[in-house]
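Here the structure is laid out as structure tokens; the discussion comes afterwards.
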Amino acid sequence: MKVLWNFALILGLAVFANAQKTTLSGTIYDFNGAVIAGAKIQAKDIDNKVYVAYTNDEGIYKFELTEGFHSIEFFAHGFKSIRLKKYWIANKY
């Protein structure tokens, strides 16, 4: 089973005026640098609220999360999933 390439999984954070929420976005690639369309990204906050996004045809995902610690998991058909535990999501400004 292949492993998701994690170099560019999390492309960046965009900031909203509401300090309680922020947007997590990025692009998912395989080892050859090809984007992975249709991958599922699932984040869970410390209150066990689940947030889900899917990559588009360009491998890009984007969703709004609350600030704080999250576990984030990346799933794609034919690839081994990746989990980031206690990843801090925050408004940088």
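Chain lettering (A, B, ...) mirrors the order of the structure tokens, residue numbering begins at 1 for each chain separately, and ligand numbering begins at 1 in order of display.
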Q.
List the spatial neighbours of A:Glu58 as a PyMOL selection string - criterion: any atom at most 12 Å away, only C-alpha atoms, same-chain residues fewer than 3 positions off excluded.
A. chain A and resi 26-29+33-39+54-55+61
Q. Which residue gives the smallest distance to A:Thr22 among A:Lys49, A:Lys62, A:Lys85, A:Lys40, with only C-alpha atoms counted?
A. A:Lys62
